[in-house]
Amino acid sequence: MSEQKKRLEEERRKNLNQIEVLKKDDPFADPDHASDNAAVDTDVREQVGHDTIEAEIKDMQKRVGEIDSALKKINKNQYGYCERCKKPILEARLKLIPEASFCIDCEKRLRK
Ligand SMILES: [Zn+2]
């Protein structure tokens, strides 16, 4: 169990680092952005880059949130159980997705 906790904390750190890296990559983060006289196609490219980075950051923030709640569950000894049907989540699944909140069956049902 503490092994999963270590993994989750590591994943959390990795995601937070990645968010920082992405923020720096965002063309809109460039302080000269607003004042540069870039051609229209450059502006379009920057907009696309910005939107992509923003979407990636959102995904990662969501993941960090899921990792946080998994860590809370470890502290309350509720980790590894499906939030919907309360059955234990398969160990193989937790190895793959340590922050999983649902068993495979429920996940499939929720995604439909
Ligand atoms: Zn379930």
# chains A, B, ... in the order shown; residues from 1 in each chain; ligands from 1
>>> residues_near_ligand(ligand="ligand 1", cutoff="7 Å", atoms="only C-alpha atoms and all ligand atoms", output="list in words")
Cys82, Glu83, Arg84, Cys85, Lys86, Lys87, Phe102, Cys103, Ile104, Asp105 and Cys106 of chain A
>>> select_by_dssp(residues="chain A", states="helix (DSSP H, G or I)", output="ChimeraX atom specification")
/A:2-25,27-29,40-75,91-96,104-111
>>> residues_around(residues="Leu8 of chain A", least_positions_apart="3", cutoff="12 Å", atoms="only C-alpha atoms", output="short mmCIF file (atom, residue, chain, number, x, y, z; two decimals) with all heavy atoms, in the first residue's frame")
data_model
loop_
_atom_site.label_atom_id
_atom_site.label_comp_id
_atom_site.auth_asym_id
_atom_site.auth_seq_id
_atom_site.Cartn_x
_atom_site.Cartn_y
_atom_site.Cartn_z
N MET A 1 0.82 -1.21 0.00
CA MET A 1 0.00 0.00 0.00
C MET A 1 0.86 1.27 0.00
O MET A 1 0.61 2.21 -0.74
CB MET A 1 -0.93 0.00 1.22
CG MET A 1 -2.11 0.95 1.04
SD MET A 1 -3.14 0.49 -0.36
CE MET A 1 -4.39 -0.49 0.47
N SER A 2 1.91 1.28 0.82
CA SER A 2 2.75 2.48 0.86
C SER A 2 3.48 2.65 -0.48
O SER A 2 3.89 3.75 -0.84
CB SER A 2 3.75 2.40 2.00
OG SER A 2 4.62 1.31 1.79
N GLU A 3 3.61 1.54 -1.20
CA GLU A 3 4.25 1.61 -2.51
C GLU A 3 3.36 2.42 -3.46
O GLU A 3 3.86 3.23 -4.24
CB GLU A 3 4.42 0.18 -3.04
CG GLU A 3 5.47 0.06 -4.13
CD GLU A 3 5.55 -1.36 -4.63
OE1 GLU A 3 5.87 -2.26 -3.83
OE2 GLU A 3 5.25 -1.57 -5.82
N GLN A 4 2.05 2.19 -3.39
CA GLN A 4 1.11 2.95 -4.21
C GLN A 4 1.16 4.43 -3.83
O GLN A 4 1.08 5.30 -4.69
CB GLN A 4 -0.33 2.43 -4.02
CG GLN A 4 -0.55 1.04 -4.54
CD GLN A 4 -0.62 0.98 -6.05
OE1 GLN A 4 -0.14 1.87 -6.75
NE2 GLN A 4 -1.19 -0.07 -6.59
N LYS A 5 1.28 4.68 -2.56
CA LYS A 5 1.33 6.06 -2.09
C LYS A 5 2.55 6.77 -2.68
O LYS A 5 2.46 7.90 -3.16
CB LYS A 5 1.39 6.08 -0.56
CG LYS A 5 1.14 7.45 0.01
CD LYS A 5 1.07 7.41 1.52
CE LYS A 5 0.94 8.82 2.05
NZ LYS A 5 0.89 8.85 3.51
N GLU A 11 3.81 10.63 -9.16
CA GLU A 11 2.99 11.05 -10.29
C GLU A 11 2.51 12.49 -10.12
O GLU A 11 2.48 13.27 -11.06
CB GLU A 11 1.75 10.14 -10.41
CG GLU A 11 2.03 8.81 -11.07
CD GLU A 11 2.39 8.97 -12.54
OE1 GLU A 11 1.66 9.66 -13.26
OE2 GLU A 11 3.43 8.43 -12.95
N ARG A 12 2.15 12.80 -8.89
CA ARG A 12 1.66 14.15 -8.58
C ARG A 12 2.75 15.18 -8.87
O ARG A 12 2.51 16.19 -9.53
CB ARG A 12 1.26 14.20 -7.10
CG ARG A 12 0.55 15.43 -6.70
CD ARG A 12 0.09 15.34 -5.26
NE ARG A 12 -0.73 16.48 -4.95
CZ ARG A 12 -0.22 17.66 -4.62
NH1 ARG A 12 1.07 17.81 -4.53
NH2 ARG A 12 -1.03 18.68 -4.38
N ARG A 13 3.96 14.88 -8.39
CA ARG A 13 5.08 15.77 -8.60
C ARG A 13 5.37 15.94 -10.09
O ARG A 13 5.59 17.03 -10.58
CB ARG A 13 6.32 15.22 -7.88
CG ARG A 13 7.05 16.28 -7.10
CD ARG A 13 8.22 15.77 -6.29
NE ARG A 13 8.51 14.36 -6.39
CZ ARG A 13 8.38 13.49 -5.40
NH1 ARG A 13 7.93 13.88 -4.24
NH2 ARG A 13 8.69 12.23 -5.57
N LYS A 14 5.35 14.80 -10.78
CA LYS A 14 5.64 14.83 -12.22
C LYS A 14 4.64 15.70 -12.97
O LYS A 14 5.00 16.50 -13.82
CB LYS A 14 5.58 13.39 -12.78
CG LYS A 14 6.94 12.84 -13.15
CD LYS A 14 6.78 11.59 -14.00
CE LYS A 14 6.85 10.33 -13.16
NZ LYS A 14 6.44 9.13 -13.87
N ASN A 15 3.37 15.53 -12.63
CA ASN A 15 2.32 16.32 -13.29
C ASN A 15 2.46 17.80 -12.99
O ASN A 15 2.29 18.63 -13.89
CB ASN A 15 0.94 15.82 -12.86
CG ASN A 15 0.47 14.67 -13.72
OD1 ASN A 15 -0.05 14.88 -14.81
ND2 ASN A 15 0.67 13.45 -13.27
N ARG A 63 -5.94 15.44 -13.41
CA ARG A 63 -5.24 14.24 -12.94
C ARG A 63 -4.68 14.47 -11.53
O ARG A 63 -4.80 13.60 -10.66
CB ARG A 63 -4.13 13.90 -13.94
CG ARG A 63 -3.29 12.74 -13.57
CD ARG A 63 -3.23 11.66 -14.66
NE ARG A 63 -2.88 10.38 -14.07
CZ ARG A 63 -1.64 9.86 -14.11
NH1 ARG A 63 -0.69 10.48 -14.76
NH2 ARG A 63 -1.39 8.72 -13.51
N VAL A 64 -4.10 15.65 -11.31
CA VAL A 64 -3.55 15.96 -9.98
C VAL A 64 -4.68 15.90 -8.94
O VAL A 64 -4.51 15.37 -7.85
CB VAL A 64 -2.85 17.34 -9.96
CG1 VAL A 64 -2.51 17.78 -8.54
CG2 VAL A 64 -1.57 17.29 -10.81
N GLY A 65 -5.86 16.39 -9.32
CA GLY A 65 -7.01 16.33 -8.42
C GLY A 65 -7.38 14.89 -8.09
O GLY A 65 -7.69 14.58 -6.94
N GLU A 66 -7.33 14.03 -9.10
CA GLU A 66 -7.65 12.62 -8.88
C GLU A 66 -6.61 11.94 -8.00
O GLU A 66 -6.93 11.13 -7.14
CB GLU A 66 -7.76 11.90 -10.23
CG GLU A 66 -9.06 12.20 -10.95
CD GLU A 66 -9.04 11.81 -12.43
OE1 GLU A 66 -8.00 11.35 -12.92
OE2 GLU A 66 -10.06 12.00 -13.09
N ILE A 67 -5.35 12.32 -8.23
CA ILE A 67 -4.27 11.76 -7.42
C ILE A 67 -4.44 12.21 -5.97
O ILE A 67 -4.30 11.43 -5.04
CB ILE A 67 -2.90 12.19 -7.98
CG1 ILE A 67 -2.65 11.48 -9.33
CG2 ILE A 67 -1.78 11.85 -7.00
CD1 ILE A 67 -1.45 12.00 -10.10
N ASP A 68 -4.79 13.49 -5.79
CA ASP A 68 -5.02 14.02 -4.44
C ASP A 68 -6.10 13.23 -3.71
O ASP A 68 -5.93 12.88 -2.54
CB ASP A 68 -5.44 15.49 -4.50
CG ASP A 68 -4.23 16.42 -4.62
OD1 ASP A 68 -3.11 15.95 -4.36
OD2 ASP A 68 -4.42 17.59 -4.98
N SER A 69 -7.20 12.95 -4.42
CA SER A 69 -8.28 12.25 -3.72
C SER A 69 -7.88 10.80 -3.46
O SER A 69 -8.27 10.23 -2.44
CB SER A 69 -9.62 12.37 -4.46
OG SER A 69 -9.56 11.73 -5.70
N ALA A 70 -7.05 10.20 -4.35
CA ALA A 70 -6.56 8.85 -4.08
C ALA A 70 -5.67 8.84 -2.84
O ALA A 70 -5.75 7.93 -2.00
CB ALA A 70 -5.80 8.31 -5.29
N LEU A 71 -4.83 9.87 -2.71
CA LEU A 71 -3.95 9.96 -1.53
C LEU A 71 -4.77 10.12 -0.25
O LEU A 71 -4.46 9.53 0.78
CB LEU A 71 -2.97 11.14 -1.68
CG LEU A 71 -1.79 10.90 -2.63
CD1 LEU A 71 -1.09 12.20 -2.96
CD2 LEU A 71 -0.79 9.92 -2.03
N LYS A 72 -5.83 10.90 -0.34
CA LYS A 72 -6.71 11.07 0.82
C LYS A 72 -7.32 9.74 1.21
O LYS A 72 -7.47 9.41 2.38
CB LYS A 72 -7.82 12.07 0.50
CG LYS A 72 -7.44 13.48 0.91
CD LYS A 72 -8.60 14.45 0.65
CE LYS A 72 -8.08 15.79 0.15
NZ LYS A 72 -9.02 16.47 -0.73
N LYS A 73 -7.70 8.95 0.17
CA LYS A 73 -8.31 7.64 0.43
C LYS A 73 -7.31 6.70 1.10
O LYS A 73 -7.68 5.92 1.96
CB LYS A 73 -8.84 7.03 -0.87
CG LYS A 73 -10.22 7.56 -1.21
CD LYS A 73 -10.81 6.81 -2.36
CE LYS A 73 -10.65 7.60 -3.62
NZ LYS A 73 -11.11 6.90 -4.81
N ILE A 74 -6.05 6.79 0.69
CA ILE A 74 -5.03 5.95 1.33
C ILE A 74 -4.97 6.28 2.82
O ILE A 74 -4.95 5.40 3.67
CB ILE A 74 -3.64 6.16 0.67
CG1 ILE A 74 -3.63 5.50 -0.72
CG2 ILE A 74 -2.53 5.57 1.55
CD1 ILE A 74 -2.31 5.61 -1.45
N TYR A 79 -8.54 3.28 0.15
CA TYR A 79 -7.94 3.22 -1.18
C TYR A 79 -8.14 1.84 -1.81
O TYR A 79 -8.07 0.83 -1.12
CB TYR A 79 -6.45 3.52 -1.08
CG TYR A 79 -5.74 3.45 -2.41
CD1 TYR A 79 -5.96 4.42 -3.38
CD2 TYR A 79 -4.87 2.41 -2.69
CE1 TYR A 79 -5.32 4.36 -4.60
CE2 TYR A 79 -4.22 2.35 -3.91
CZ TYR A 79 -4.45 3.32 -4.86
OH TYR A 79 -3.82 3.26 -6.07
N LEU A 94 -4.88 -0.88 -10.68
CA LEU A 94 -4.28 0.15 -9.83
C LEU A 94 -2.81 0.36 -10.17
O LEU A 94 -2.28 1.44 -9.99
CB LEU A 94 -4.43 -0.23 -8.35
CG LEU A 94 -5.85 -0.12 -7.79
CD1 LEU A 94 -5.90 -0.67 -6.38
CD2 LEU A 94 -6.35 1.32 -7.82
N LYS A 95 -2.17 -0.70 -10.63
CA LYS A 95 -0.77 -0.55 -11.04
C LYS A 95 -0.68 0.36 -12.25
O LYS A 95 0.23 1.16 -12.38
CB LYS A 95 -0.18 -1.93 -11.36
CG LYS A 95 0.34 -2.62 -10.13
CD LYS A 95 1.54 -3.51 -10.45
CE LYS A 95 2.12 -4.08 -9.17
NZ LYS A 95 1.89 -5.51 -9.06
N LEU A 96 -1.66 0.20 -13.13
CA LEU A 96 -1.68 0.97 -14.38
C LEU A 96 -2.15 2.41 -14.12
O LEU A 96 -1.58 3.36 -14.61
CB LEU A 96 -2.63 0.27 -15.35
CG LEU A 96 -2.31 0.39 -16.84
CD1 LEU A 96 -0.99 -0.29 -17.14
CD2 LEU A 96 -3.42 -0.26 -17.65
N ILE A 97 -3.23 2.51 -13.34
CA ILE A 97 -3.81 3.83 -13.04
C ILE A 97 -3.95 3.93 -11.51
O ILE A 97 -5.01 3.65 -10.97
CB ILE A 97 -5.21 3.99 -13.69
CG1 ILE A 97 -5.18 3.48 -15.14
CG2 ILE A 97 -5.67 5.45 -13.63
CD1 ILE A 97 -6.57 3.26 -15.71
N PRO A 98 -2.88 4.35 -10.84
CA PRO A 98 -2.94 4.34 -9.37
C PRO A 98 -4.03 5.25 -8.80
O PRO A 98 -4.46 5.04 -7.66
CB PRO A 98 -1.54 4.80 -8.94
CG PRO A 98 -0.87 5.35 -10.16
CD PRO A 98 -1.57 4.75 -11.34
N GLU A 99 -4.48 6.25 -9.59
CA GLU A 99 -5.48 7.17 -9.05
C GLU A 99 -6.91 6.74 -9.39
O GLU A 99 -7.85 7.50 -9.18
CB GLU A 99 -5.22 8.60 -9.54
CG GLU A 99 -5.58 8.87 -10.99
CD GLU A 99 -4.46 8.51 -11.96
OE1 GLU A 99 -3.62 7.66 -11.60
OE2 GLU A 99 -4.44 9.04 -13.08
N ALA A 100 -7.07 5.53 -9.96
CA ALA A 100 -8.40 5.08 -10.38
C ALA A 100 -9.40 5.11 -9.23
O ALA A 100 -9.11 4.66 -8.14
CB ALA A 100 -8.31 3.67 -10.94
#
>>> closest_residue(among="A:Gln47, A:Asn37, A:Gln18, A:Gln78", to="Asp59 of chain A", atoms="only C-alpha atoms")
A:Gln18
>>> closest_residue(among="A:Asp25, A:Lys62, A:Pro31, A:Gly80", to="Gly49 of chain A", atoms="only C-alpha atoms")
A:Asp25
>>> residues_around(residues="Ala29 of chain A", least_positions_apart="6", cutoff="12 Å", atoms="only C-alpha atoms", output="list in words")
Glu20, Val21, Leu22, Lys23, Glu46, Gln47, Gly49, His50, Ile53 and Glu54 of chain A
>>> write_last_selection(atoms="N, CA, C and O atoms", output="mmCIF file, in the first residue's frame")
data_model
loop_
_atom_site.group_PDB
_atom_site.id
_atom_site.type_symbol
_atom_site.label_atom_id
_atom_site.label_comp_id
_atom_site.auth_asym_id
_atom_site.auth_seq_id
_atom_site.Cartn_x
_atom_site.Cartn_y
_atom_site.Cartn_z
ATOM 1 N N GLU A 20 4.161 23.233 -15.022
ATOM 2 C CA GLU A 20 5.049 24.402 -15.028
ATOM 3 C C GLU A 20 5.771 24.542 -16.366
ATOM 4 O O GLU A 20 5.892 25.630 -16.908
ATOM 5 N N VAL A 21 6.246 23.393 -16.882
ATOM 6 C CA VAL A 21 6.961 23.406 -18.167
ATOM 7 C C VAL A 21 6.021 23.890 -19.266
ATOM 8 O O VAL A 21 6.388 24.734 -20.093
ATOM 9 N N LEU A 22 4.798 23.371 -19.264
ATOM 10 C CA LEU A 22 3.829 23.761 -20.288
ATOM 11 C C LEU A 22 3.501 25.249 -20.212
ATOM 12 O O LEU A 22 3.369 25.919 -21.233
ATOM 13 N N LYS A 23 3.384 25.745 -18.999
ATOM 14 C CA LYS A 23 3.072 27.172 -18.835
ATOM 15 C C LYS A 23 4.147 28.036 -19.465
ATOM 16 O O LYS A 23 3.861 29.076 -20.052
ATOM 17 N N GLU A 46 0.242 30.809 -32.754
ATOM 18 C CA GLU A 46 0.369 31.013 -31.310
ATOM 19 C C GLU A 46 -0.950 30.730 -30.600
ATOM 20 O O GLU A 46 -0.969 30.168 -29.513
ATOM 21 N N GLN A 47 -2.037 31.110 -31.239
ATOM 22 C CA GLN A 47 -3.347 30.848 -30.640
ATOM 23 C C GLN A 47 -3.574 29.337 -30.507
ATOM 24 O O GLN A 47 -4.002 28.853 -29.472
ATOM 25 N N GLY A 49 -1.270 27.024 -30.439
ATOM 26 C CA GLY A 49 -0.339 26.527 -29.427
ATOM 27 C C GLY A 49 -0.860 26.792 -28.031
ATOM 28 O O GLY A 49 -0.837 25.915 -27.174
ATOM 29 N N HIS A 50 -1.377 27.976 -27.840
ATOM 30 C CA HIS A 50 -1.910 28.356 -26.530
ATOM 31 C C HIS A 50 -3.091 27.464 -26.137
ATOM 32 O O HIS A 50 -3.161 26.980 -25.020
ATOM 33 N N ILE A 53 -1.901 23.918 -25.291
ATOM 34 C CA ILE A 53 -1.229 23.885 -23.993
ATOM 35 C C ILE A 53 -2.247 24.038 -22.869
ATOM 36 O O ILE A 53 -2.197 23.337 -21.867
ATOM 37 N N GLU A 54 -3.214 24.923 -23.072
ATOM 38 C CA GLU A 54 -4.227 25.124 -22.041
ATOM 39 C C GLU A 54 -5.022 23.841 -21.794
ATOM 40 O O GLU A 54 -5.308 23.486 -20.658
#
>>> closest_residue(among="A:Arg93, A:Ile57, A:Ser101, A:Thr52", to="Tyr81 of chain A", atoms="only C-alpha atoms")
A:Ser101
